[in-house]
Amino acid sequence: MRARLLHWALILLLPAIHAADVSAEYGLNMPRGVTDVSHSVYDLHMTIFWICVAIGVVVFGVMFYSIFKHRKSKGAVAAQFHESTTVEVLWTIVPVIILVAMAWPATKTLIEMYDTADSEVDIKVTGYQWKWRYEYLGTGVDFFSNLSTPKDEIYNAKEKNENYLLEVDNELVVPINKKIRFLITANDVIHSWWVPDFAVKKDAIPGFINESWTRINEPGIYRGQCTELCGKDHGFMPIVVRAVEEDEYQSWIIAKQEEAKAEAALAKLTFTLEEQMVRGEEVYNTNCAACHQANGAGIPPAFPALKASAIALGPVDKHIEVVVNGVAGSAMQAYGGQLSDVDMAAVITYERNAWGNDTGDNVSAKDIVEFKKK
Amino acid sequence: MSATAETAIENTHSDEHHGPAKGIARWLFTTNHKDIGSMYLWFSFIMFLLGGCMALTIRAELFQPGLQLIEPEFFNQMTTLHGLIMVFGAVMPAFVGLANWMIPLMVGAPDMALPRMNNWSFWILPFAFSLLVSTLFMEGGAPNFGWTFYAPLSTTYAPDTVTYFIFGVHMMGISSIMGAINVIATILNMRAPGMTLMKMPLFVWTWLITAFLLIAVMPVLAGVVTMMLMDVHFGTSFFNAAGGGDPVLFQHIFWFFGHPEVYIMILPAFGVVSQIIPTFSRKPLFGYHSMVYAVGSIAILSFIVWAHHMFTVGMPLFGELFFMYATMLIAVPTGVKVFNWIATMFRGSLTFETPMLFSIAFVVLFTIGGFSGLMLAIAPSDFQYHDTYFVVAHFHYVLVPGAIFGIFAAVYYWLPKWCGRMYSEALGKWHFWLSFVGMNLAFFPMHFLGLAGMPRRIPDYALQFADFNQISTVGAFMFGSTQLLFLYLVIKAIRSGEPATDQVWESAEGLEWTIPSPAPYHTFSTPPEVK
Ligand SMILES: [Cu+2]
């Protein structure tokens, strides 16, 4: 009980104390980050903050002095002055000087942030409703990064873990001490890619490619979030970056490439309906459930139900077409470029056999390949 | 009005010649600036409570991590409607209401220049907002793309109700433009003899400038929603990249409207406190001329800073720098205003009636909002603040203790003139202190949340944000419920307050204090002489 009280008292006092150790615990201030640029940004932030505090102390000081000294109840008699050119000129000029002093370092930092030349690693970042795609240019590594927090934690059925809402299935892995350039865009609506520890925030805009860069000084795991309202699950598309030593990064890239090869090889195999359903459910829950819901009921009218839907029960080709090519002008994306042929086959099979959609169809990766050829 | 009636008025003193019509017809057909002013004020208060309930729904969901009360889709509808209703339904109409009541009384005019249009510009509003709010009950739900409605979320990906939203915005825009034309026509043509521009009270000055801002930017808003309408229904691609359009164009147009809009919501409040602080300091306003010039320069600068809302869209370096410098420059005239208010209080003879308390809180807390604004102007740091709770804290500091405290201050200051009765000073002080504490509890922690990395417009958050969100929710409920006390005390004052004197406040100056309390239905039918 006493601890709880203390805890609340502390929170209420925080504005006053603003001590560094407390801020670590509660996240009071901007993180200083792990790049040279983020350090400059932090310094700018603190400088302008202290300038504001100083001005505030002077201005509010004078004000509270008047409030206490110049009260009618204390017999204060009002002076009648109402102009002073000197004072007025002075308090116009002094702020201008302060601002110029502030603009100088800000300009320098900004120029540095805009210098994306001479990068050593290039990563294309694409925002989707509601996940991120990372393509390592020139390596063939290309994957999606989805929120991995279980629904049960979100709906309070299970204890929330330490990284609640800030955890993903596939982290973005990058080397430290290398200039990494991000090419940022979006597939549907505008998103914004933000990792506070790098001081990188750039909007991901459909049809545009924005650039940003970072050079990370320390290995570690850095977390961020989408910061532009992008629809229903805007709050559920985090970013997790794992910064590692160069050699670890290289072996990770090779492992990823192997993984992709193994995945491609699967396309040649055939699977039983049961196997397809297991894989399909997994793919469905990560990629489709946000809109069509885990139980296939959707959220009509925005997101149609797949349970008993005409397409899921109708001709296979039509179903494949919707999922591969998407529906233009709607939230239904073209998954052809997002899912492997094996996953595509599995998820379609799943949709055609789950929730009482008992068509018995087993769509194979070959069917998908055939369809794409057409 | 016939010629004989006119002479009769002159003979019998203008006040009594005819009173208001009876019943509902009085309110439907009225062209009287006082009636219309009152309707605007009541309407805005209803919207304030409605938008407030939406805010409390948001805060209740954010009380704890996890989804408890509402789903994300509904959460987004709440943030969108809360913003739209507060901006267009609560703050703007409240200031138009104050303008209607006070501008004729302050410049010595018998009414607004265009009384029929005045009636119309009010009566559009209930329809516009019914249309907007009714979308909550439609299939697909209300608009869910934020009050800034960025395309293509608000076009290609919008719910069908976006069309109602567009028509609603058009109606609000027409209403605002007509209101603004009326204000300008009144101020420029109907001032009493002797009242030169540089003798006008500051409230009148700030409204004159605000009205020009409105006329300049409301058509831009109308333009942008029309372009959305075309994209949604007529196959154009203004904002659709797949059709060769540009989603960023939307933001440029929106903020070209949006930035002056924030000054539209704050300049009249500047005017209000510039009336109140001298009264309760018993000392003339310090630097009247520089106050006028400061408001003018703020208004002009407000047209060239819009892209500071868009530092992260990937503008070229030069654009980034230009908008950073221009934005920092706005701090100068804003600073001048704050310094002048404080110089007015300095060596005055201060008393602290409720209007003064709200005005002092305005100066302090608006300045804090100005400080965070200055921080946001620094583009490199803005990359860290942008679209986080730091921004939410910033604009709630300029809008709640800024615009809304300004409105409260004005209501307390002029209510005795309007209804001829005093409000209870004790209840007024309770209202002030509870609002003050509640509002700071609600919004101060948001600074920390934003700096620590919490994005805005999210229905659920990571665990490290839990404590501050909890405090914020407690503060929000405290602030919200306190407004019922305000409703009670206003009704109590109107019904049974102590009678007010004509002068009301010991050292208040201006034409509005020369007429009886309550202000008769018709005032200044013969213009007063201003020396
Ligand atoms: Cu997003």
# chains A, B, ... in the order shown; residues from 1 in each chain; ligands from 1
>>> residues_around(residues="Val217 of chain B", least_positions_apart="5", cutoff="12 Å", atoms="only C-alpha atoms", output="count of residues only")
27
>>> residues_near_ligand(ligand="ligand 1", cutoff="10 Å", atoms="only C-alpha atoms and all ligand atoms", output="PyMOL selection string")
chain A and resi 126-132+186+188-193+203-204+225-238
>>> closest_residue(among="B:Phe322, B:Phe346, B:Phe408, B:Phe390", to="Thr107 of chain A", atoms="only C-alpha atoms")
B:Phe322
>>> select_by_dssp(residues="segment 100-243 of chain A", states="helix (DSSP H, G or I)", output="MDAnalysis selection string")
chainID A and resid 100:113 151:154 196:198 234:236
>>> write_last_selection(atoms="C-alpha atoms", output="mmCIF file, in the first residue's frame")
data_model
loop_
_atom_site.group_PDB
_atom_site.id
_atom_site.type_symbol
_atom_site.label_atom_id
_atom_site.label_comp_id
_atom_site.auth_asym_id
_atom_site.auth_seq_id
_atom_site.Cartn_x
_atom_site.Cartn_y
_atom_site.Cartn_z
ATOM 1 C CA VAL A 100 18.388 32.594 -34.697
ATOM 2 C CA ALA A 101 20.684 30.967 -32.164
ATOM 3 C CA MET A 102 18.331 27.996 -32.121
ATOM 4 C CA ALA A 103 17.855 27.796 -35.886
ATOM 5 C CA TRP A 104 21.562 27.372 -36.503
ATOM 6 C CA PRO A 105 22.114 23.951 -34.866
ATOM 7 C CA ALA A 106 18.688 22.817 -36.060
ATOM 8 C CA THR A 107 19.658 23.550 -39.652
ATOM 9 C CA LYS A 108 22.928 21.680 -39.266
ATOM 10 C CA THR A 109 21.218 18.584 -37.897
ATOM 11 C CA LEU A 110 18.566 18.697 -40.559
ATOM 12 C CA ILE A 111 21.138 18.842 -43.355
ATOM 13 C CA GLU A 112 22.835 15.816 -41.843
ATOM 14 C CA MET A 113 19.561 13.916 -41.619
ATOM 15 C CA LYS A 151 -5.314 -11.686 -29.240
ATOM 16 C CA ASP A 152 -5.849 -13.116 -25.775
ATOM 17 C CA GLU A 153 -3.452 -10.572 -24.335
ATOM 18 C CA ILE A 154 -5.137 -7.723 -26.181
ATOM 19 C CA PRO A 196 12.640 6.612 -31.703
ATOM 20 C CA ASP A 197 16.118 5.310 -30.898
ATOM 21 C CA PHE A 198 17.293 6.208 -34.402
ATOM 22 C CA HIS A 234 -3.068 1.469 -36.808
ATOM 23 C CA GLY A 235 -2.139 0.767 -33.195
ATOM 24 C CA PHE A 236 -1.141 -2.783 -34.005
#
>>> residues_around(residues="Ala262 of chain A", least_positions_apart="6", cutoff="12 Å", atoms="only C-alpha atoms", output="PDB file with N, CA, C and O atoms, in the first residue's frame")
ATOM      1  N   ALA A 255      21.097 -17.293 -44.042  1.00  0.00           N
ATOM      2  CA  ALA A 255      20.052 -18.178 -43.527  1.00  0.00           C
ATOM      3  C   ALA A 255      18.699 -17.834 -44.150  1.00  0.00           C
ATOM      4  O   ALA A 255      17.921 -18.719 -44.513  1.00  0.00           O
ATOM      5  N   LYS A 256      18.432 -16.544 -44.285  1.00  0.00           N
ATOM      6  CA  LYS A 256      17.168 -16.106 -44.884  1.00  0.00           C
ATOM      7  C   LYS A 256      17.058 -16.581 -46.336  1.00  0.00           C
ATOM      8  O   LYS A 256      15.998 -17.006 -46.796  1.00  0.00           O
ATOM      9  N   LYS A 268       6.790 -27.829 -55.031  1.00  0.00           N
ATOM     10  CA  LYS A 268       6.762 -28.999 -55.899  1.00  0.00           C
ATOM     11  C   LYS A 268       6.086 -30.186 -55.214  1.00  0.00           C
ATOM     12  O   LYS A 268       5.763 -31.174 -55.846  1.00  0.00           O
ATOM     13  N   LEU A 269       5.905 -30.104 -53.895  1.00  0.00           N
ATOM     14  CA  LEU A 269       5.317 -31.230 -53.174  1.00  0.00           C
ATOM     15  C   LEU A 269       3.796 -31.130 -53.179  1.00  0.00           C
ATOM     16  O   LEU A 269       3.227 -30.087 -53.502  1.00  0.00           O
ATOM     17  N   SER A 340       3.874 -16.742 -50.505  1.00  0.00           N
ATOM     18  CA  SER A 340       4.471 -17.730 -51.407  1.00  0.00           C
ATOM     19  C   SER A 340       3.338 -18.565 -52.004  1.00  0.00           C
ATOM     20  O   SER A 340       2.222 -18.595 -51.473  1.00  0.00           O
ATOM     21  N   VAL A 342       2.924 -21.653 -51.974  1.00  0.00           N
ATOM     22  CA  VAL A 342       2.485 -22.690 -51.038  1.00  0.00           C
ATOM     23  C   VAL A 342       1.517 -22.104 -50.018  1.00  0.00           C
ATOM     24  O   VAL A 342       0.449 -22.662 -49.748  1.00  0.00           O
TER      25      VAL A 342
END
>>> residues_around(residues="segment 381-385 of chain B", least_positions_apart="6", cutoff="8 Å", atoms="only C-alpha atoms", output="list of chain:residue names")
A:Met30, A:Val41, A:Tyr42, A:Leu44, A:His45, A:Pro196, A:Ala199, A:Val200, A:Lys201, A:Lys202, B:Phe311, B:Thr312, B:Met375, B:Val391, B:Gly450, B:Leu451
>>> decode(residues="segment 437-470 of chain B", atoms="N, CA, C and O atoms", output="PDB file, in the first residue's frame")
ATOM      1  N   VAL B 437      -7.404  22.116 -12.506  1.00  0.00           N
ATOM      2  CA  VAL B 437      -6.698  20.911 -12.061  1.00  0.00           C
ATOM      3  C   VAL B 437      -7.003  19.748 -13.015  1.00  0.00           C
ATOM      4  O   VAL B 437      -6.095  19.037 -13.460  1.00  0.00           O
ATOM      5  N   GLY B 438      -8.256  19.577 -13.360  1.00  0.00           N
ATOM      6  CA  GLY B 438      -8.647  18.464 -14.227  1.00  0.00           C
ATOM      7  C   GLY B 438      -7.932  18.527 -15.558  1.00  0.00           C
ATOM      8  O   GLY B 438      -7.385  17.537 -16.049  1.00  0.00           O
ATOM      9  N   MET B 439      -7.916  19.704 -16.128  1.00  0.00           N
ATOM     10  CA  MET B 439      -7.332  19.851 -17.461  1.00  0.00           C
ATOM     11  C   MET B 439      -5.821  19.602 -17.442  1.00  0.00           C
ATOM     12  O   MET B 439      -5.281  18.936 -18.319  1.00  0.00           O
ATOM     13  N   ASN B 440      -5.160  20.079 -16.379  1.00  0.00           N
ATOM     14  CA  ASN B 440      -3.711  19.817 -16.311  1.00  0.00           C
ATOM     15  C   ASN B 440      -3.409  18.350 -16.057  1.00  0.00           C
ATOM     16  O   ASN B 440      -2.449  17.802 -16.609  1.00  0.00           O
ATOM     17  N   LEU B 441      -4.242  17.713 -15.229  1.00  0.00           N
ATOM     18  CA  LEU B 441      -4.048  16.275 -15.010  1.00  0.00           C
ATOM     19  C   LEU B 441      -4.268  15.520 -16.315  1.00  0.00           C
ATOM     20  O   LEU B 441      -3.584  14.543 -16.611  1.00  0.00           O
ATOM     21  N   ALA B 442      -5.234  15.967 -17.086  1.00  0.00           N
ATOM     22  CA  ALA B 442      -5.556  15.247 -18.320  1.00  0.00           C
ATOM     23  C   ALA B 442      -4.457  15.438 -19.356  1.00  0.00           C
ATOM     24  O   ALA B 442      -4.077  14.486 -20.039  1.00  0.00           O
ATOM     25  N   PHE B 443      -3.970  16.637 -19.496  1.00  0.00           N
ATOM     26  CA  PHE B 443      -3.120  16.909 -20.652  1.00  0.00           C
ATOM     27  C   PHE B 443      -1.621  16.993 -20.347  1.00  0.00           C
ATOM     28  O   PHE B 443      -0.824  16.760 -21.232  1.00  0.00           O
ATOM     29  N   PHE B 444      -1.236  17.327 -19.098  1.00  0.00           N
ATOM     30  CA  PHE B 444       0.208  17.435 -18.883  1.00  0.00           C
ATOM     31  C   PHE B 444       0.926  16.104 -19.083  1.00  0.00           C
ATOM     32  O   PHE B 444       1.959  16.053 -19.754  1.00  0.00           O
ATOM     33  N   PRO B 445       0.387  15.009 -18.547  1.00  0.00           N
ATOM     34  CA  PRO B 445       1.091  13.727 -18.724  1.00  0.00           C
ATOM     35  C   PRO B 445       1.251  13.340 -20.194  1.00  0.00           C
ATOM     36  O   PRO B 445       2.133  12.547 -20.524  1.00  0.00           O
ATOM     37  N   MET B 446       0.423  13.907 -21.053  1.00  0.00           N
ATOM     38  CA  MET B 446       0.536  13.549 -22.472  1.00  0.00           C
ATOM     39  C   MET B 446       1.875  13.986 -23.053  1.00  0.00           C
ATOM     40  O   MET B 446       2.375  13.368 -23.989  1.00  0.00           O
ATOM     41  N   HIS B 447       2.463  15.033 -22.493  1.00  0.00           N
ATOM     42  CA  HIS B 447       3.803  15.410 -22.951  1.00  0.00           C
ATOM     43  C   HIS B 447       4.771  14.242 -22.742  1.00  0.00           C
ATOM     44  O   HIS B 447       5.548  13.881 -23.622  1.00  0.00           O
ATOM     45  N   PHE B 448       4.708  13.676 -21.552  1.00  0.00           N
ATOM     46  CA  PHE B 448       5.639  12.584 -21.244  1.00  0.00           C
ATOM     47  C   PHE B 448       5.355  11.373 -22.123  1.00  0.00           C
ATOM     48  O   PHE B 448       6.268  10.700 -22.601  1.00  0.00           O
ATOM     49  N   LEU B 449       4.052  11.080 -22.307  1.00  0.00           N
ATOM     50  CA  LEU B 449       3.693   9.924 -23.130  1.00  0.00           C
ATOM     51  C   LEU B 449       4.265  10.066 -24.528  1.00  0.00           C
ATOM     52  O   LEU B 449       4.812   9.124 -25.087  1.00  0.00           O
ATOM     53  N   GLY B 450       4.140  11.270 -25.077  1.00  0.00           N
ATOM     54  CA  GLY B 450       4.619  11.475 -26.436  1.00  0.00           C
ATOM     55  C   GLY B 450       6.121  11.350 -26.515  1.00  0.00           C
ATOM     56  O   GLY B 450       6.656  10.683 -27.402  1.00  0.00           O
ATOM     57  N   LEU B 451       6.807  11.976 -25.571  1.00  0.00           N
ATOM     58  CA  LEU B 451       8.268  11.905 -25.612  1.00  0.00           C
ATOM     59  C   LEU B 451       8.730  10.471 -25.430  1.00  0.00           C
ATOM     60  O   LEU B 451       9.709  10.034 -26.033  1.00  0.00           O
ATOM     61  N   ALA B 452       8.007   9.724 -24.613  1.00  0.00           N
ATOM     62  CA  ALA B 452       8.406   8.337 -24.385  1.00  0.00           C
ATOM     63  C   ALA B 452       8.014   7.443 -25.554  1.00  0.00           C
ATOM     64  O   ALA B 452       8.342   6.268 -25.569  1.00  0.00           O
ATOM     65  N   GLY B 453       7.279   7.984 -26.525  1.00  0.00           N
ATOM     66  CA  GLY B 453       7.068   7.213 -27.744  1.00  0.00           C
ATOM     67  C   GLY B 453       5.665   6.726 -28.012  1.00  0.00           C
ATOM     68  O   GLY B 453       5.472   5.839 -28.843  1.00  0.00           O
ATOM     69  N   MET B 454       4.662   7.280 -27.354  1.00  0.00           N
ATOM     70  CA  MET B 454       3.309   6.792 -27.640  1.00  0.00           C
ATOM     71  C   MET B 454       2.719   7.546 -28.830  1.00  0.00           C
ATOM     72  O   MET B 454       2.535   8.751 -28.780  1.00  0.00           O
ATOM     73  N   PRO B 455       2.405   6.844 -29.928  1.00  0.00           N
ATOM     74  CA  PRO B 455       1.780   7.505 -31.067  1.00  0.00           C
ATOM     75  C   PRO B 455       0.373   7.969 -30.705  1.00  0.00           C
ATOM     76  O   PRO B 455      -0.255   7.420 -29.798  1.00  0.00           O
ATOM     77  N   ARG B 456      -0.126   8.961 -31.442  1.00  0.00           N
ATOM     78  CA  ARG B 456      -1.501   9.392 -31.211  1.00  0.00           C
ATOM     79  C   ARG B 456      -2.451   8.463 -31.961  1.00  0.00           C
ATOM     80  O   ARG B 456      -2.033   7.686 -32.806  1.00  0.00           O
ATOM     81  N   ARG B 457      -3.737   8.560 -31.643  1.00  0.00           N
ATOM     82  CA  ARG B 457      -4.798   7.839 -32.338  1.00  0.00           C
ATOM     83  C   ARG B 457      -4.640   6.322 -32.279  1.00  0.00           C
ATOM     84  O   ARG B 457      -4.890   5.631 -33.255  1.00  0.00           O
ATOM     85  N   ILE B 458      -4.158   5.817 -31.135  1.00  0.00           N
ATOM     86  CA  ILE B 458      -4.125   4.369 -30.990  1.00  0.00           C
ATOM     87  C   ILE B 458      -5.050   3.967 -29.845  1.00  0.00           C
ATOM     88  O   ILE B 458      -5.111   4.634 -28.821  1.00  0.00           O
ATOM     89  N   PRO B 459      -5.796   2.877 -30.032  1.00  0.00           N
ATOM     90  CA  PRO B 459      -6.773   2.467 -29.035  1.00  0.00           C
ATOM     91  C   PRO B 459      -6.156   1.636 -27.909  1.00  0.00           C
ATOM     92  O   PRO B 459      -6.826   1.349 -26.921  1.00  0.00           O
ATOM     93  N   ASP B 460      -4.914   1.249 -28.082  1.00  0.00           N
ATOM     94  CA  ASP B 460      -4.279   0.382 -27.101  1.00  0.00           C
ATOM     95  C   ASP B 460      -2.781   0.679 -27.146  1.00  0.00           C
ATOM     96  O   ASP B 460      -2.285   1.134 -28.170  1.00  0.00           O
ATOM     97  N   TYR B 461      -2.095   0.436 -26.031  1.00  0.00           N
ATOM     98  CA  TYR B 461      -0.696   0.882 -25.983  1.00  0.00           C
ATOM     99  C   TYR B 461       0.163  -0.070 -25.181  1.00  0.00           C
ATOM    100  O   TYR B 461      -0.337  -0.922 -24.439  1.00  0.00           O
ATOM    101  N   ALA B 462       1.474   0.103 -25.329  1.00  0.00           N
ATOM    102  CA  ALA B 462       2.424  -0.740 -24.623  1.00  0.00           C
ATOM    103  C   ALA B 462       2.413  -0.412 -23.134  1.00  0.00           C
ATOM    104  O   ALA B 462       1.990   0.662 -22.712  1.00  0.00           O
ATOM    105  N   LEU B 463       2.914  -1.379 -22.346  1.00  0.00           N
ATOM    106  CA  LEU B 463       2.722  -1.285 -20.895  1.00  0.00           C
ATOM    107  C   LEU B 463       3.383  -0.087 -20.241  1.00  0.00           C
ATOM    108  O   LEU B 463       2.885   0.437 -19.261  1.00  0.00           O
ATOM    109  N   GLN B 464       4.505   0.379 -20.808  1.00  0.00           N
ATOM    110  CA  GLN B 464       5.182   1.478 -20.105  1.00  0.00           C
ATOM    111  C   GLN B 464       4.395   2.784 -20.133  1.00  0.00           C
ATOM    112  O   GLN B 464       4.744   3.728 -19.450  1.00  0.00           O
ATOM    113  N   PHE B 465       3.331   2.830 -20.940  1.00  0.00           N
ATOM    114  CA  PHE B 465       2.546   4.062 -20.998  1.00  0.00           C
ATOM    115  C   PHE B 465       1.354   4.050 -20.032  1.00  0.00           C
ATOM    116  O   PHE B 465       0.563   4.992 -19.995  1.00  0.00           O
ATOM    117  N   ALA B 466       1.226   2.952 -19.280  1.00  0.00           N
ATOM    118  CA  ALA B 466      -0.011   2.765 -18.519  1.00  0.00           C
ATOM    119  C   ALA B 466      -0.241   3.838 -17.453  1.00  0.00           C
ATOM    120  O   ALA B 466      -1.338   4.382 -17.338  1.00  0.00           O
ATOM    121  N   ASP B 467       0.792   4.175 -16.674  1.00  0.00           N
ATOM    122  CA  ASP B 467       0.561   5.075 -15.534  1.00  0.00           C
ATOM    123  C   ASP B 467       0.065   6.448 -15.965  1.00  0.00           C
ATOM    124  O   ASP B 467      -0.908   6.972 -15.438  1.00  0.00           O
ATOM    125  N   PHE B 468       0.755   7.027 -16.932  1.00  0.00           N
ATOM    126  CA  PHE B 468       0.363   8.380 -17.349  1.00  0.00           C
ATOM    127  C   PHE B 468      -1.011   8.387 -18.005  1.00  0.00           C
ATOM    128  O   PHE B 468      -1.767   9.346 -17.855  1.00  0.00           O
ATOM    129  N   ASN B 469      -1.326   7.323 -18.725  1.00  0.00           N
ATOM    130  CA  ASN B 469      -2.654   7.265 -19.322  1.00  0.00           C
ATOM    131  C   ASN B 469      -3.737   7.229 -18.250  1.00  0.00           C
ATOM    132  O   ASN B 469      -4.801   7.826 -18.406  1.00  0.00           O
ATOM    133  N   GLN B 470      -3.418   6.532 -17.151  1.00  0.00           N
ATOM    134  CA  GLN B 470      -4.391   6.446 -16.085  1.00  0.00           C
ATOM    135  C   GLN B 470      -4.652   7.834 -15.479  1.00  0.00           C
ATOM    136  O   GLN B 470      -5.796   8.241 -15.320  1.00  0.00           O
TER     137      GLN B 470
END
